[in-house]
Amino acid sequence: MPPACGVTRGYATCHPAAARRLCALMGFAVDGGLDDYREVGTHIPFVRFTPRGVNT
């Protein structure tokens with residue numbers, strides 16, 4: 001599973017109403033199930049910023 005899938009699923013778990021609205025705003029139809037958010041995560045490019053010298 002691509003890392004972005006975990007980001008969208010994790011966000012949806014913590015913020016279900018906001019996740020549904022955000023997906024709708026971006027044009028994705030979700031039913032609230034984690035599989036839908038996993039699918040959304042495969043279509044959204046994510047960028048991760050970390051401070052210099054910090055490896056995670």
# chains A, B, ... in the order shown; residues from 1 in each chain; ligands from 1
>>> residues_around(residues="Gly32 (chain A)", least_positions_apart="5", cutoff="8 Å", atoms="only C-alpha atoms", output="count of residues only")
3
>>> closest_residue(among="A:Val47, A:Gly53, A:Gly6, A:Val40", to="Phe28 (chain A)", atoms="only C-alpha atoms")
A:Val40
>>> select_by_dssp(residues="chain A", states="alpha helix (DSSP H)", output="PyMOL selection string")
chain A and resi 3-14+16-25+34-41
>>> atom_distance(atom1="CA of His43 (chain A)", atom2="CA of Tyr11 (chain A)")
15.5 Å
>>> atom_distance(atom1="CA of Thr50 (chain A)", atom2="CA of Leu25 (chain A)")
27.2 Å
>>> residues_around(residues="Cys23 (chain A)", least_positions_apart="6", cutoff="10 Å", atoms="only C-alpha atoms", output="MDAnalysis selection string")
chainID A and resid 8 12 29:30 36:37 40
>>> write_last_selection(atoms="all heavy atoms", output="PDB file, in the first residue's frame")
ATOM      1  N   THR A   8      -4.423   9.201   4.253  1.00  0.00           N
ATOM      2  CA  THR A   8      -5.841   9.503   4.081  1.00  0.00           C
ATOM      3  C   THR A   8      -6.707   8.666   5.001  1.00  0.00           C
ATOM      4  O   THR A   8      -7.685   9.166   5.555  1.00  0.00           O
ATOM      5  CB  THR A   8      -6.292   9.317   2.619  1.00  0.00           C
ATOM      6  OG1 THR A   8      -5.948   8.003   2.179  1.00  0.00           O
ATOM      7  CG2 THR A   8      -5.665  10.347   1.715  1.00  0.00           C
ATOM      8  N   ALA A  12      -9.025  10.215   7.969  1.00  0.00           N
ATOM      9  CA  ALA A  12     -10.454   9.903   7.970  1.00  0.00           C
ATOM     10  C   ALA A  12     -10.888   9.271   9.283  1.00  0.00           C
ATOM     11  O   ALA A  12     -12.003   9.517   9.752  1.00  0.00           O
ATOM     12  CB  ALA A  12     -10.795   8.982   6.803  1.00  0.00           C
ATOM     13  N   ALA A  29     -16.048  10.795  -4.506  1.00  0.00           N
ATOM     14  CA  ALA A  29     -17.236  10.308  -3.813  1.00  0.00           C
ATOM     15  C   ALA A  29     -16.807   9.196  -2.861  1.00  0.00           C
ATOM     16  O   ALA A  29     -16.228   8.203  -3.288  1.00  0.00           O
ATOM     17  CB  ALA A  29     -18.257   9.776  -4.814  1.00  0.00           C
ATOM     18  N   VAL A  30     -17.039   9.389  -1.572  1.00  0.00           N
ATOM     19  CA  VAL A  30     -16.698   8.378  -0.577  1.00  0.00           C
ATOM     20  C   VAL A  30     -17.941   8.061   0.248  1.00  0.00           C
ATOM     21  O   VAL A  30     -18.789   8.914   0.460  1.00  0.00           O
ATOM     22  CB  VAL A  30     -15.548   8.832   0.348  1.00  0.00           C
ATOM     23  CG1 VAL A  30     -14.260   9.008  -0.425  1.00  0.00           C
ATOM     24  CG2 VAL A  30     -15.899  10.107   1.080  1.00  0.00           C
ATOM     25  N   ASP A  36     -12.589   3.375   0.778  1.00  0.00           N
ATOM     26  CA  ASP A  36     -12.739   4.543  -0.092  1.00  0.00           C
ATOM     27  C   ASP A  36     -11.599   5.532   0.127  1.00  0.00           C
ATOM     28  O   ASP A  36     -11.057   6.089  -0.820  1.00  0.00           O
ATOM     29  CB  ASP A  36     -14.068   5.246   0.170  1.00  0.00           C
ATOM     30  CG  ASP A  36     -15.225   4.638  -0.587  1.00  0.00           C
ATOM     31  OD1 ASP A  36     -14.988   3.733  -1.411  1.00  0.00           O
ATOM     32  OD2 ASP A  36     -16.366   5.072  -0.359  1.00  0.00           O
ATOM     33  N   TYR A  37     -11.248   5.770   1.385  1.00  0.00           N
ATOM     34  CA  TYR A  37     -10.167   6.712   1.669  1.00  0.00           C
ATOM     35  C   TYR A  37      -8.827   6.166   1.205  1.00  0.00           C
ATOM     36  O   TYR A  37      -7.962   6.922   0.757  1.00  0.00           O
ATOM     37  CB  TYR A  37     -10.132   7.069   3.153  1.00  0.00           C
ATOM     38  CG  TYR A  37     -11.366   7.845   3.555  1.00  0.00           C
ATOM     39  CD1 TYR A  37     -12.316   7.291   4.394  1.00  0.00           C
ATOM     40  CD2 TYR A  37     -11.585   9.121   3.064  1.00  0.00           C
ATOM     41  CE1 TYR A  37     -13.462   7.992   4.742  1.00  0.00           C
ATOM     42  CE2 TYR A  37     -12.720   9.828   3.402  1.00  0.00           C
ATOM     43  CZ  TYR A  37     -13.658   9.265   4.242  1.00  0.00           C
ATOM     44  OH  TYR A  37     -14.781   9.963   4.578  1.00  0.00           O
ATOM     45  N   VAL A  40      -8.785   6.976  -2.454  1.00  0.00           N
ATOM     46  CA  VAL A  40      -8.507   8.401  -2.654  1.00  0.00           C
ATOM     47  C   VAL A  40      -7.011   8.663  -2.509  1.00  0.00           C
ATOM     48  O   VAL A  40      -6.420   9.397  -3.298  1.00  0.00           O
ATOM     49  CB  VAL A  40      -9.318   9.265  -1.661  1.00  0.00           C
ATOM     50  CG1 VAL A  40      -8.829  10.708  -1.669  1.00  0.00           C
ATOM     51  CG2 VAL A  40     -10.806   9.202  -1.986  1.00  0.00           C
TER      52      VAL A  40
END
>>> closest_residue(among="A:Cys14, A:Val7, A:Ala19, A:Met26", to="Arg38 (chain A)", atoms="only C-alpha atoms")
A:Val7
>>> atom_distance(atom1="CA of Ala18 (chain A)", atom2="CA of Gly41 (chain A)")
15.2 Å
